[in-house]
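**Q** This one is data-v3.pdb, PDB, C-alpha atoms.
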ATOM      1  CA  MET G   1      85.699  48.809 165.429  1.00  0.00           C
ATOM      2  CA  ILE G   2      81.916  48.416 165.544  1.00  0.00           C
ATOM      3  CA  ARG G   3      79.809  48.692 162.414  1.00  0.00           C
ATOM      4  CA  SER G   4      76.044  49.018 162.800  1.00  0.00           C
ATOM      5  CA  GLY G   5      73.270  48.169 160.328  1.00  0.00           C
ATOM      6  CA  THR G   6      73.184  51.801 159.163  1.00  0.00           C
ATOM      7  CA  ASN G   7      76.860  51.554 158.061  1.00  0.00           C
ATOM      8  CA  ASP G   8      77.924  53.927 160.843  1.00  0.00           C
ATOM      9  CA  SER G   9      81.163  52.985 162.558  1.00  0.00           C
ATOM     10  CA  ALA G  10      82.400  53.479 166.123  1.00  0.00           C
ATOM     11  CA  TYR G  11      85.055  52.063 168.446  1.00  0.00           C
ATOM     12  CA  ALA G  12      84.502  49.710 171.367  1.00  0.00           C
ATOM     13  CA  LEU G  13      85.642  51.465 174.549  1.00  0.00           C
ATOM     14  CA  GLY G  14      84.967  48.521 176.833  1.00  0.00           C
ATOM     15  CA  SER G  15      84.255  44.835 176.381  1.00  0.00           C
ATOM     16  CA  GLU G  16      83.378  41.676 178.268  1.00  0.00           C
ATOM     17  CA  ALA G  17      85.602  38.572 178.324  1.00  0.00           C
ATOM     18  CA  ASP G  18      83.436  36.989 175.607  1.00  0.00           C
ATOM     19  CA  GLY G  19      84.047  39.932 173.235  1.00  0.00           C
ATOM     20  CA  ARG G  20      80.718  41.708 173.643  1.00  0.00           C
ATOM     21  CA  GLY G  21      81.087  45.486 173.668  1.00  0.00           C
ATOM     22  CA  THR G  22      79.943  47.273 176.842  1.00  0.00           C
ATOM     23  CA  ARG G  23      80.649  50.838 175.769  1.00  0.00           C
ATOM     24  CA  ARG G  24      81.209  52.474 172.422  1.00  0.00           C
ATOM     25  CA  SER G  25      82.579  55.777 171.219  1.00  0.00           C
ATOM     26  CA  ALA G  26      80.616  58.432 169.415  1.00  0.00           C
ATOM     27  CA  ILE G  27      79.888  57.724 165.739  1.00  0.00           C
ATOM     28  CA  GLN G  28      83.146  58.098 163.818  1.00  0.00           C
ATOM     29  CA  GLY G  29      81.737  58.121 160.297  1.00  0.00           C
ATOM     30  CA  ARG G  30      80.237  55.972 157.565  1.00  0.00           C
ATOM     31  CA  VAL G  31      81.608  52.855 155.964  1.00  0.00           C
ATOM     32  CA  GLY G  32      81.257  53.244 152.220  1.00  0.00           C
ATOM     33  CA  ALA G  33      79.907  56.093 150.138  1.00  0.00           C
ATOM     34  CA  ALA G  34      76.177  55.349 150.296  1.00  0.00           C
ATOM     35  CA  GLY G  35      73.806  57.350 152.465  1.00  0.00           C
ATOM     36  CA  LYS G  36      70.690  55.918 154.052  1.00  0.00           C
ATOM     37  CA  VAL G  37      67.444  57.834 153.486  1.00  0.00           C
ATOM     38  CA  ARG G  38      64.123  56.438 154.704  1.00  0.00           C
ATOM     39  CA  GLU G  39      65.569  52.913 154.996  1.00  0.00           C
ATOM     40  CA  ILE G  40      66.926  53.029 151.427  1.00  0.00           C
ATOM     41  CA  PHE G  41      70.614  53.286 150.575  1.00  0.00           C
ATOM     42  CA  VAL G  42      71.345  56.031 148.021  1.00  0.00           C
ATOM     43  CA  PHE G  43      74.589  55.485 146.150  1.00  0.00           C
ATOM     44  CA  PRO G  44      76.593  58.344 144.568  1.00  0.00           C
ATOM     45  CA  ARG G  45      76.527  56.538 141.208  1.00  0.00           C
ATOM     46  CA  VAL G  46      72.706  56.821 141.102  1.00  0.00           C
ATOM     47  CA  ILE G  47      72.876  60.609 141.609  1.00  0.00           C
ATOM     48  CA  GLU G  48      75.537  60.800 138.908  1.00  0.00           C
ATOM     49  CA  GLU G  49      73.374  58.812 136.462  1.00  0.00           C
ATOM     50  CA  VAL G  50      70.372  61.086 137.089  1.00  0.00           C
ATOM     51  CA  ALA G  51      72.532  64.175 136.491  1.00  0.00           C
ATOM     52  CA  MET G  52      73.999  62.745 133.268  1.00  0.00           C
ATOM     53  CA  ALA G  53      70.555  61.764 131.971  1.00  0.00           C
ATOM     54  CA  THR G  54      69.041  65.227 132.589  1.00  0.00           C
ATOM     55  CA  PRO G  55      69.757  67.703 129.775  1.00  0.00           C
ATOM     56  CA  GLY G  56      71.482  70.917 130.864  1.00  0.00           C
ATOM     57  CA  VAL G  57      72.754  69.700 134.233  1.00  0.00           C
ATOM     58  CA  ALA G  58      76.366  70.671 134.911  1.00  0.00           C
ATOM     59  CA  ALA G  59      76.583  69.150 138.411  1.00  0.00           C
ATOM     60  CA  ALA G  60      74.378  67.718 141.157  1.00  0.00           C
ATOM     61  CA  GLN G  61      74.956  66.936 144.815  1.00  0.00           C
ATOM     62  CA  ALA G  62      72.786  64.856 147.141  1.00  0.00           C
ATOM     63  CA  VAL G  63      72.317  66.361 150.604  1.00  0.00           C
ATOM     64  CA  VAL G  64      70.774  64.104 153.256  1.00  0.00           C
ATOM     65  CA  MET G  65      69.245  65.851 156.267  1.00  0.00           C
ATOM     66  CA  ARG G  66      66.656  65.351 158.945  1.00  0.00           C
ATOM     67  CA  GLU G  67      63.655  67.726 159.147  1.00  0.00           C
ATOM     68  CA  ASN G  68      60.719  67.303 161.522  1.00  0.00           C
ATOM     69  CA  ASN G  69      61.967  63.837 162.522  1.00  0.00           C
ATOM     70  CA  CYS G  70      61.911  62.703 158.877  1.00  0.00           C
ATOM     71  CA  ASP G  71      64.803  61.891 156.527  1.00  0.00           C
ATOM     72  CA  MET G  72      64.993  64.245 153.557  1.00  0.00           C
ATOM     73  CA  LEU G  73      67.084  64.140 150.387  1.00  0.00           C
ATOM     74  CA  ARG G  74      67.701  67.420 148.581  1.00  0.00           C
ATOM     75  CA  LEU G  75      69.352  67.535 145.197  1.00  0.00           C
ATOM     76  CA  PRO G  76      70.882  70.965 144.490  1.00  0.00           C
ATOM     77  CA  ILE G  77      71.655  71.249 140.768  1.00  0.00           C
ATOM     78  CA  SER G  78      74.060  73.492 138.861  1.00  0.00           C
ATOM     79  CA  TRP G  79      72.804  74.248 135.359  1.00  0.00           C
ATOM     80  CA  LYS G  80      74.989  74.831 132.294  1.00  0.00           C
ATOM     81  CA  THR G  81      73.053  77.956 131.232  1.00  0.00           C
ATOM     82  CA  ALA G  82      70.388  80.258 132.703  1.00  0.00           C
ATOM     83  CA  ALA G  83      68.022  79.317 129.819  1.00  0.00           C
ATOM     84  CA  THR G  84      68.177  75.662 130.820  1.00  0.00           C
ATOM     85  CA  LYS G  85      67.425  76.565 134.434  1.00  0.00           C
ATOM     86  CA  THR G  86      64.274  78.449 133.396  1.00  0.00           C
ATOM     87  CA  LEU G  87      63.161  75.541 131.207  1.00  0.00           C
ATOM     88  CA  ALA G  88      63.647  73.063 134.046  1.00  0.00           C
ATOM     89  CA  ARG G  89      61.472  75.079 136.445  1.00  0.00           C
ATOM     90  CA  THR G  90      58.540  75.088 134.033  1.00  0.00           C
ATOM     91  CA  ARG G  91      58.369  71.307 133.751  1.00  0.00           C
TER      92      ARG G  91
END
Once you've parsed the file, please lay out its structure as structure tokens.
**A**
Amino acid sequence: MIRSGTNDSAYALGSEADGRGTRRSAIQGRVGAAGKVREIFVFPRVIEEVAMATPGVAAAQAVVMRENNCDMLRLPISWKTAATKTLARTR
């Protein structure tokens, strides 16, 4: 298994006698729960703490994507009531 600095993991498909990898598989997934956004690791616990500290939030989910060659983090939020949702948009 190969693990890169971004916490992505892959398998070595070929190697030299000294152990250096010559070929690797496609990215298999991430090691750990954190996502990397603009060179910063975002941990699920941080998103959870923000959701718990914000009044009226029922649930939140971090979505990491790439738009226009730039990392983006969106935070869709589920509100407990419609009144809370309206209040949050006016802030």
**Q** When you look at Phe43 in chain G with a cut-off of 7 Å (counting all atoms listed in the file), what residues show up, excluding the ones that are within fewer than 4 positions of it in the same chain? I need them as a list of chain:residue names.
**A**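 Once the adjacent positions are removed, what remains is G:Ala33, G:Ala34, G:Gly35.
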**Q** Those residues you just picked out, can you put them in a file as a PDB file, keeping the file's coordinate frame with C-alpha atoms?
**A**
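Full text of selection-v3.pdb as output:
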ATOM      1  CA  ALA G  33      79.907  56.093 150.138  1.00  0.00           C
ATOM      2  CA  ALA G  34      76.177  55.349 150.296  1.00  0.00           C
ATOM      3  CA  GLY G  35      73.806  57.350 152.465  1.00  0.00           C
TER       4      GLY G  35
END
**Q** Identify, on the basis of all atoms listed in the file, every residue whose closest approach to Cys70 in chain G does not exceed 12 Å; exclude the query and any residue fewer than 6 positions from it along the same chain; express the result as a VMD selection string.
**A** chain G and resid 37 to 39 64
**Q** Write out as a PyMOL selection string which residues come within 7 Å of Ser78 in chain G when counting all atoms listed in the file, dropping same-chain ones fewer than 5 positions away.
**A** chain G and resi 57-60
**Q** Just say which residues the PyMOL selection byres ((chain G and resi 61) around 9) picks in this file, as an mmCIF file with C-alpha atoms, in the frame of the given file.
**A**
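Final output, selection_12.cif:
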data_model
loop_
_atom_site.group_PDB
_atom_site.id
_atom_site.type_symbol
_atom_site.label_atom_id
_atom_site.label_comp_id
_atom_site.auth_asym_id
_atom_site.auth_seq_id
_atom_site.Cartn_x
_atom_site.Cartn_y
_atom_site.Cartn_z
ATOM 1 C CA PRO G 44 76.593 58.344 144.568
ATOM 2 C CA ILE G 47 72.876 60.609 141.609
ATOM 3 C CA GLU G 48 75.537 60.800 138.908
ATOM 4 C CA ALA G 59 76.583 69.150 138.411
ATOM 5 C CA ALA G 60 74.378 67.718 141.157
ATOM 6 C CA ALA G 62 72.786 64.856 147.141
ATOM 7 C CA VAL G 63 72.317 66.361 150.604
ATOM 8 C CA ARG G 74 67.701 67.420 148.581
ATOM 9 C CA LEU G 75 69.352 67.535 145.197
ATOM 10 C CA PRO G 76 70.882 70.965 144.490
ATOM 11 C CA ILE G 77 71.655 71.249 140.768
ATOM 12 C CA SER G 78 74.060 73.492 138.861
#
**Q** Can you work out which one of G:Ile40, G:Thr81, G:Asp18, G:Ala26 has the shortest atom-to-atom distance to Gly56 in chain G, counting all atoms listed in the file?
**A**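 So, comparing all the options, the nearest one is G:Thr81.
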**Q** Evaluating the PyMOL selection byres ((chain G and resi 12) around 6) on the displayed file yields which residues, as JSON, numbers by chain?
**A** {"G": [11, 13, 14, 21, 23, 24]}
**Q** Please indicate the distance in Å from CA of Ile27 in chain G to CA of Leu73 in chain G, rounded to one decimal place.
**A**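 That distance, rounded to one decimal, is 21.0 Å.
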**Q** CA of Pro55 in chain G and CA of Asp71 in chain G, how far apart in Å?
**A**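 Here the two named atoms are 27.8 Å from each other.
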**Q** Would you compute the distance between CA of Ser9 in chain G and CA of Thr22 in chain G? Give it in Å to one decimal.
**A**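 Spanning CA of Ser9 in chain G to CA of Thr22 in chain G is a straight-line distance of 15.4 Å.
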**Q** G:Phe41, G:Lys80, G:Asp8, G:Glu16: which is nearest Gln28 in chain G, counting only C-alpha atoms?
**A**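 Closest to Gln28 in chain G, using only C-alpha atoms: G:Asp8.
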